[in-house]
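The file work.cif comes next; it holds mmCIF, C-alpha atoms.
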```
data_data
loop_
_atom_site.group_PDB
_atom_site.id
_atom_site.type_symbol
_atom_site.label_atom_id
_atom_site.label_comp_id
_atom_site.auth_asym_id
_atom_site.auth_seq_id
_atom_site.Cartn_x
_atom_site.Cartn_y
_atom_site.Cartn_z
ATOM 1 C CA MET A 1 0.000 0.000 0.000
ATOM 2 C CA ALA A 2 2.750 2.483 0.969
ATOM 3 C CA ALA A 3 4.874 1.402 -1.997
ATOM 4 C CA ALA A 4 1.928 1.977 -4.354
ATOM 5 C CA ALA A 5 1.410 5.456 -2.894
ATOM 6 C CA VAL A 6 5.084 6.298 -3.391
ATOM 7 C CA LEU A 7 4.999 5.046 -6.989
ATOM 8 C CA ARG A 8 1.905 7.131 -7.713
ATOM 9 C CA LEU A 9 3.745 10.244 -6.544
ATOM 10 C CA ILE A 10 6.855 9.861 -8.703
ATOM 11 C CA VAL A 11 5.435 11.418 -11.888
ATOM 12 C CA PRO A 12 3.471 14.217 -10.127
ATOM 13 C CA VAL A 13 6.559 15.199 -8.107
ATOM 14 C CA LEU A 14 8.807 15.193 -11.185
ATOM 15 C CA VAL A 15 6.320 17.319 -13.142
ATOM 16 C CA LEU A 16 5.952 19.826 -10.308
ATOM 17 C CA LEU A 17 9.723 19.876 -9.829
ATOM 18 C CA GLY A 18 10.069 20.702 -13.538
ATOM 19 C CA CYS A 19 7.638 23.623 -13.184
ATOM 20 C CA VAL A 20 9.385 24.966 -10.086
ATOM 21 C CA SER A 21 12.701 24.628 -11.929
ATOM 22 C CA GLY A 22 11.190 26.719 -14.727
ATOM 23 C CA VAL A 23 10.349 29.415 -12.176
ATOM 24 C CA TYR A 24 14.015 29.430 -11.124
ATOM 25 C CA LEU A 25 15.644 29.148 -14.552
ATOM 26 C CA TYR A 26 13.545 31.698 -16.441
ATOM 27 C CA ARG A 27 13.259 34.469 -13.870
ATOM 28 C CA ASP A 28 15.325 36.788 -16.081
ATOM 29 C CA THR A 29 13.590 35.940 -19.379
ATOM 30 C CA PRO A 30 11.208 38.816 -20.193
ATOM 31 C CA VAL A 31 7.824 38.196 -21.795
ATOM 32 C CA PRO A 32 6.379 41.160 -23.718
ATOM 33 C CA LEU A 33 2.906 41.551 -22.223
ATOM 34 C CA GLU A 34 2.863 45.341 -22.003
ATOM 35 C CA SER A 35 -0.009 45.463 -24.521
ATOM 36 C CA PHE A 36 -2.100 43.632 -21.897
ATOM 37 C CA GLY A 37 -1.162 46.181 -19.251
ATOM 38 C CA LEU A 38 1.369 43.879 -17.556
ATOM 39 C CA GLN A 39 4.803 45.300 -16.798
ATOM 40 C CA GLY A 40 8.013 43.420 -15.991
ATOM 41 C CA ILE A 41 6.612 39.925 -16.563
ATOM 42 C CA THR A 42 9.116 37.125 -17.057
ATOM 43 C CA ALA A 43 8.676 33.523 -18.141
ATOM 44 C CA SER A 44 9.150 32.655 -14.478
ATOM 45 C CA HIS A 45 5.865 34.402 -13.650
ATOM 46 C CA LEU A 46 4.085 32.243 -16.221
ATOM 47 C CA PHE A 47 5.382 29.006 -14.693
ATOM 48 C CA VAL A 48 3.724 29.693 -11.323
ATOM 49 C CA PRO A 49 0.113 29.109 -12.505
ATOM 50 C CA VAL A 50 1.287 26.040 -14.429
ATOM 51 C CA SER A 51 2.679 24.714 -11.138
ATOM 52 C CA PHE A 52 -0.745 25.097 -9.535
ATOM 53 C CA PHE A 53 -2.253 23.368 -12.579
ATOM 54 C CA CYS A 54 0.027 20.356 -11.929
ATOM 55 C CA VAL A 55 -1.136 20.233 -8.316
ATOM 56 C CA PHE A 56 -4.779 20.409 -9.431
ATOM 57 C CA MET A 57 -4.320 17.490 -11.822
ATOM 58 C CA THR A 58 -2.877 15.398 -8.986
ATOM 59 C CA ASN A 59 -5.742 16.480 -6.734
ATOM 60 C CA ARG A 60 -8.240 15.545 -9.455
ATOM 61 C CA ARG A 61 -6.762 12.081 -9.920
ATOM 62 C CA TYR A 62 -5.679 11.051 -6.427
ATOM 63 C CA GLY A 63 -7.298 13.516 -4.038
ATOM 64 C CA PRO A 64 -6.052 16.222 -1.678
ATOM 65 C CA ALA A 65 -3.762 14.010 0.419
ATOM 66 C CA PHE A 66 -1.680 13.064 -2.635
ATOM 67 C CA ALA A 67 -1.667 16.638 -3.925
ATOM 68 C CA PHE A 68 -0.430 17.911 -0.585
ATOM 69 C CA ALA A 69 2.207 15.141 -0.480
ATOM 70 C CA GLN A 70 3.300 16.206 -3.979
ATOM 71 C CA VAL A 71 3.843 19.776 -2.757
ATOM 72 C CA VAL A 72 5.622 18.689 0.441
ATOM 73 C CA ILE A 73 7.996 16.280 -1.336
ATOM 74 C CA THR A 74 8.787 18.775 -4.098
ATOM 75 C CA SER A 75 9.400 21.489 -1.506
ATOM 76 C CA ALA A 76 11.711 19.179 0.438
ATOM 77 C CA ILE A 77 13.721 18.394 -2.705
ATOM 78 C CA VAL A 78 14.034 22.099 -3.562
ATOM 79 C CA VAL A 79 15.114 22.977 -0.010
ATOM 80 C CA ALA A 80 17.661 20.136 0.005
ATOM 81 C CA MET A 81 19.066 21.293 -3.335
ATOM 82 C CA SER A 82 19.237 24.861 -2.055
ATOM 83 C CA LEU A 83 21.062 23.886 1.110
ATOM 84 C CA PHE A 84 23.385 21.203 -0.187
ATOM 85 C CA GLY A 85 23.633 21.595 -3.945
ATOM 86 C CA SER A 86 23.418 25.299 -4.696
ATOM 87 C CA ASP A 87 27.051 25.551 -5.850
ATOM 88 C CA THR A 88 26.656 22.502 -8.092
ATOM 89 C CA VAL A 89 23.433 23.883 -9.590
ATOM 90 C CA LYS A 90 24.991 27.317 -10.098
ATOM 91 C CA THR A 91 28.003 25.794 -11.882
ATOM 92 C CA ALA A 92 25.986 23.341 -13.987
ATOM 93 C CA LEU A 93 23.326 25.812 -15.094
ATOM 94 C CA ALA A 94 25.396 29.006 -15.100
ATOM 95 C CA VAL A 95 22.679 30.969 -13.311
ATOM 96 C CA ASP A 96 22.904 33.235 -10.305
ATOM 97 C CA PRO A 97 21.299 31.972 -7.099
ATOM 98 C CA VAL A 98 18.084 33.552 -5.863
ATOM 99 C CA PRO A 99 18.540 35.802 -2.808
ATOM 100 C CA VAL A 100 17.640 33.922 0.375
ATOM 101 C CA ARG A 101 14.830 36.287 1.333
ATOM 102 C CA GLU A 102 13.191 36.013 -2.101
ATOM 103 C CA ALA A 103 13.575 32.227 -2.174
ATOM 104 C CA ALA A 104 12.086 31.867 1.312
ATOM 105 C CA ALA A 105 9.195 34.174 0.400
ATOM 106 C CA PHE A 106 8.504 32.177 -2.757
ATOM 107 C CA GLY A 107 8.698 28.830 -0.980
ATOM 108 C CA GLY A 108 6.433 29.940 1.846
ATOM 109 C CA ALA A 109 3.923 31.611 -0.473
ATOM 110 C CA PHE A 110 3.803 28.644 -2.838
ATOM 111 C CA PHE A 111 3.365 26.206 0.049
ATOM 112 C CA VAL A 112 0.524 28.187 1.650
ATOM 113 C CA ALA A 113 -1.194 28.947 -1.671
ATOM 114 C CA SER A 114 -0.922 25.297 -2.706
ATOM 115 C CA PHE A 115 -2.453 24.118 0.551
ATOM 116 C CA VAL A 116 -5.337 26.601 0.312
ATOM 117 C CA SER A 117 -5.982 25.850 -3.370
ATOM 118 C CA ILE A 118 -5.873 22.083 -2.727
ATOM 119 C CA VAL A 119 -8.575 22.453 -0.069
ATOM 120 C CA VAL A 120 -10.641 24.781 -2.276
ATOM 121 C CA PHE A 121 -10.263 22.510 -5.327
ATOM 122 C CA ASP A 122 -11.414 19.479 -3.376
ATOM 123 C CA ALA A 123 -14.353 21.353 -1.835
ATOM 124 C CA ALA A 124 -15.445 22.644 -5.256
ATOM 125 C CA ARG A 125 -15.644 19.216 -6.914
ATOM 126 C CA GLY A 126 -19.107 18.884 -8.328
ATOM 127 C CA ALA A 127 -21.343 18.449 -11.302
ATOM 128 C CA TYR A 128 -19.485 20.964 -13.452
ATOM 129 C CA TRP A 129 -15.994 20.104 -14.642
ATOM 130 C CA PHE A 130 -14.685 23.664 -14.366
ATOM 131 C CA THR A 131 -15.725 24.590 -10.815
ATOM 132 C CA ALA A 132 -12.845 22.908 -8.977
ATOM 133 C CA PRO A 133 -9.979 24.252 -11.134
ATOM 134 C CA LEU A 134 -11.614 27.669 -11.479
ATOM 135 C CA PHE A 135 -12.001 28.181 -7.736
ATOM 136 C CA GLY A 136 -8.583 26.617 -7.180
ATOM 137 C CA PHE A 137 -6.950 29.184 -9.473
ATOM 138 C CA ILE A 138 -8.902 32.048 -7.918
ATOM 139 C CA SER A 139 -7.757 31.040 -4.429
ATOM 140 C CA ALA A 140 -4.138 30.675 -5.630
ATOM 141 C CA ALA A 141 -4.380 34.079 -7.346
ATOM 142 C CA ILE A 142 -5.466 35.670 -4.071
ATOM 143 C CA VAL A 143 -3.151 33.871 -1.653
ATOM 144 C CA PHE A 144 0.162 33.534 -3.525
ATOM 145 C CA PRO A 145 0.859 37.170 -4.529
ATOM 146 C CA PHE A 146 -0.166 38.600 -1.167
ATOM 147 C CA ALA A 147 1.950 36.031 0.670
ATOM 148 C CA PHE A 148 4.963 36.511 -1.623
ATOM 149 C CA PHE A 149 5.418 40.173 -2.586
ATOM 150 C CA PRO A 150 5.289 41.806 0.887
ATOM 151 C CA PHE A 151 8.101 39.530 2.122
ATOM 152 C CA ALA A 152 10.256 39.034 -0.986
ATOM 153 C CA GLY A 153 11.914 42.445 -0.768
ATOM 154 C CA ILE A 154 12.107 42.804 -4.558
ATOM 155 C CA SER A 155 10.039 45.967 -4.904
ATOM 156 C CA VAL A 156 8.905 48.910 -2.825
ATOM 157 C CA SER A 157 5.633 48.931 -4.777
ATOM 158 C CA TRP A 158 4.797 45.390 -3.646
ATOM 159 C CA LEU A 159 1.041 46.011 -3.482
ATOM 160 C CA ALA A 160 0.846 47.023 -7.151
ATOM 161 C CA ASP A 161 3.035 44.045 -8.080
ATOM 162 C CA ALA A 162 0.826 41.698 -6.035
ATOM 163 C CA VAL A 163 -2.361 42.984 -7.674
ATOM 164 C CA GLN A 164 -0.812 42.675 -11.149
ATOM 165 C CA PHE A 165 0.385 39.135 -10.452
ATOM 166 C CA ALA A 166 -2.986 38.143 -8.976
ATOM 167 C CA GLY A 167 -4.558 39.198 -12.275
ATOM 168 C CA LEU A 168 -1.949 37.239 -14.205
ATOM 169 C CA VAL A 169 -2.529 34.049 -12.200
ATOM 170 C CA ALA A 170 -6.321 34.374 -12.529
ATOM 171 C CA GLY A 171 -6.108 35.122 -16.263
ATOM 172 C CA GLU A 172 -3.656 32.320 -16.983
ATOM 173 C CA GLY A 173 -5.792 30.052 -14.809
ATOM 174 C CA LEU A 174 -8.741 30.735 -17.112
ATOM 175 C CA LEU A 175 -6.585 29.788 -20.111
ATOM 176 C CA LEU A 176 -5.404 26.635 -18.354
ATOM 177 C CA LEU A 177 -9.021 25.493 -18.100
ATOM 178 C CA ILE A 178 -8.664 24.569 -21.797
ATOM 179 C CA PRO A 179 -6.009 21.866 -21.276
ATOM 180 C CA PHE A 180 -7.820 20.847 -18.082
ATOM 181 C CA PHE A 181 -10.943 20.193 -20.186
ATOM 182 C CA PHE A 182 -9.055 17.994 -22.638
ATOM 183 C CA LEU A 183 -7.141 16.109 -19.930
ATOM 184 C CA ARG A 184 -10.309 15.184 -18.020
ATOM 185 C CA ARG A 185 -10.744 11.873 -19.851
ATOM 186 C CA ILE A 186 -7.049 10.985 -19.639
ATOM 187 C CA ILE A 187 -6.650 11.900 -15.958
ATOM 188 C CA ALA A 188 -9.945 10.747 -14.501
ATOM 189 C CA PRO A 189 -10.604 10.814 -10.745
ATOM 190 C CA MET A 190 -9.997 7.559 -8.919
ATOM 191 C CA SER A 191 -12.919 5.881 -7.214
ATOM 192 C CA GLY A 192 -14.189 7.961 -4.314
ATOM 193 C CA PHE A 193 -13.369 11.357 -5.776
ATOM 194 C CA GLY A 194 -16.504 12.855 -7.259
ATOM 195 C CA GLY A 195 -16.901 15.450 -9.914
ATOM 196 C CA TYR A 196 -15.861 15.680 -13.502
#
```

Exercise: express the given structure as structure tokens:
Amino acid sequence: MAAAAVLRLIVPVLVLLGCVSGVYLYRDTPVPLESFGLQGITASHLFVPVSFFCVFMTNRRYGPAFAFAQVVITSAIVVAMSLFGSDTVKTALAVDPVPVREAAAFGGAFFVASFVSIVVFDAARGAYWFTAPLFGFISAAIVFPFAFFPFAGISVSWLADAVQFAGLVAGEGLLLLIPFFFLRRIIAPMSGFGGY
């Protein structure tokens, strides 16, 4: 039973680890979204909602306990790499490390927002396929920016940045409902998890 649970988590953890790695690797890659009223957006910003999407797909398939385990295990791997492998990662990838305060703010905000959105997603399961991911993204869009920007120390105008990023997460979340729709048949809920 425990071995089966561990095996079920391998792919979700690797996928989430890939998304979190994208947040780290592409934080200096600008994305021109000024025409949409978004300033200073990087590819890193776009990976954050995709990370929540990965958690929602795990929640859909295996339930909230597995989704939370996915976040905890991925977080533990990232922390271990930060503490014990930062020099190796910096040398191998030729990227500058994230300042400790910013990394801690991101980790804490992602952990809290993931937990809240996992609970909201599970509570919103129902007759309509879009309710759970929609409310999950809305909760992540509210929690993550306002848990990250005040503590990251990257901008004095953190409130404006948080509001802008909340809009980005909510907007990208709406777009991610499209792949969610098409993946519903491939990643169906296991027995006991209702909804579409």

Exercise for review: Please measure the separation of CA of Val11 (chain A) and CA of Val143 (chain A), giving the value in Å to one decimal.
Suggested key: 26.1 Å

Point to revise | Top pick for closest residue to Gln70 (chain A), considering A:Gly107, A:Pro49, A:Pro12, A:Gly171 and counting all atoms listed in the file | key: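 Result for the nearest residue to Gln70 (chain A): A:Pro12.
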
Which residues of region 151-175 of chain A have any atom within 12 Å of an atom in region 28-44 of chain A when counting all atoms listed in the file, and what is the closest pair of atoms for each, with the distance in Å to one decimal? Order the rows by chain and rising number and write it as a tab-separated table.
```
residue	atom	partner	partner_atom	distance
A:Ser155	CA	A:Gly40	CA	11.6
A:Ala160	CA	A:Gln39	CA	10.6
A:Asp161	CA	A:Gln39	CA	9.0
A:Ala162	CA	A:Leu38	CA	11.7
A:Val163	CA	A:Leu38	CA	10.6
A:Gln164	CA	A:Leu38	CA	6.9
A:Phe165	CA	A:Leu38	CA	8.6
A:Ala166	CA	A:Leu38	CA	11.2
A:Gly167	CA	A:Leu38	CA	9.2
A:Leu168	CA	A:Leu38	CA	8.1
A:Val169	CA	A:Ile41	CA	11.7
A:Gly171	CA	A:Phe36	CA	11.0
```

Emit the selected residues as a compact mmCIF listing (two decimals), in the coordinates of the input, including C-alpha atoms.
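Result went into out.txt, see below:
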```txt
# COMPACT_ATOMS: atom_id res chain seq x y z
CA SER A 155 10.04 45.97 -4.90
CA ALA A 160 0.85 47.02 -7.15
CA ASP A 161 3.04 44.04 -8.08
CA ALA A 162 0.83 41.70 -6.04
CA VAL A 163 -2.36 42.98 -7.67
CA GLN A 164 -0.81 42.68 -11.15
CA PHE A 165 0.38 39.14 -10.45
CA ALA A 166 -2.99 38.14 -8.98
CA GLY A 167 -4.56 39.20 -12.28
CA LEU A 168 -1.95 37.24 -14.20
CA VAL A 169 -2.53 34.05 -12.20
CA GLY A 171 -6.11 35.12 -16.26
```

Practice item. Can you pull out every residue within 12 Å of Val50 (chain A), counting only C-alpha atoms, but drop anything in the same chain fewer than 2 positions away, and send it as a PyMOL selection string? Key: chain A and resi 15-23+43-48+52-57+114+133+137+140+168-177+179-180

Practice item. Write out as JSON, numbers by chain the residues lying within 12 Å of Ala105 (chain A), counting all atoms listed in the file and excluding same-chain residues fewer than 3 positions away. Key: {"A": [98, 99, 100, 101, 102, 108, 109, 110, 111, 112, 113, 144, 145, 146, 147, 148, 149, 150, 151, 152, 153, 154]}

Now that the selection is made, can you save its residues with C-alpha atoms as a PDB file, in the coordinates of the input?
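To be explicit, this is the file written out as result.pdb:
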```pdb
ATOM      1  CA  VAL A  98      18.084  33.552  -5.863  1.00  0.00           C
ATOM      2  CA  PRO A  99      18.540  35.802  -2.808  1.00  0.00           C
ATOM      3  CA  VAL A 100      17.640  33.922   0.375  1.00  0.00           C
ATOM      4  CA  ARG A 101      14.830  36.287   1.333  1.00  0.00           C
ATOM      5  CA  GLU A 102      13.191  36.013  -2.101  1.00  0.00           C
ATOM      6  CA  GLY A 108       6.433  29.940   1.846  1.00  0.00           C
ATOM      7  CA  ALA A 109       3.923  31.611  -0.473  1.00  0.00           C
ATOM      8  CA  PHE A 110       3.803  28.644  -2.838  1.00  0.00           C
ATOM      9  CA  PHE A 111       3.365  26.206   0.049  1.00  0.00           C
ATOM     10  CA  VAL A 112       0.524  28.187   1.650  1.00  0.00           C
ATOM     11  CA  ALA A 113      -1.194  28.947  -1.671  1.00  0.00           C
ATOM     12  CA  PHE A 144       0.162  33.534  -3.525  1.00  0.00           C
ATOM     13  CA  PRO A 145       0.859  37.170  -4.529  1.00  0.00           C
ATOM     14  CA  PHE A 146      -0.166  38.600  -1.167  1.00  0.00           C
ATOM     15  CA  ALA A 147       1.950  36.031   0.670  1.00  0.00           C
ATOM     16  CA  PHE A 148       4.963  36.511  -1.623  1.00  0.00           C
ATOM     17  CA  PHE A 149       5.418  40.173  -2.586  1.00  0.00           C
ATOM     18  CA  PRO A 150       5.289  41.806   0.887  1.00  0.00           C
ATOM     19  CA  PHE A 151       8.101  39.530   2.122  1.00  0.00           C
ATOM     20  CA  ALA A 152      10.256  39.034  -0.986  1.00  0.00           C
ATOM     21  CA  GLY A 153      11.914  42.445  -0.768  1.00  0.00           C
ATOM     22  CA  ILE A 154      12.107  42.804  -4.558  1.00  0.00           C
TER      23      ILE A 154
END
```

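For the atom pair formed by CA of Val13 (chain A) and CA of Arg185 (chain A), the distance is 21.2 Å, given to one decimal.
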
Exercise for review: Between A:Pro97, A:Phe181, A:Ala104, A:Phe66, single out the one closest to Trp129 (chain A), counting only C-alpha atoms.
Suggested key: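 When distances to Trp129 (chain A) are compared using only C-alpha atoms, the smallest one comes from A:Phe181.
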
**Study point:** Between CA of Asp122 (chain A) and CA of Gly63 (chain A) - distance in Å to one decimal
**Key:** 7.3 Å
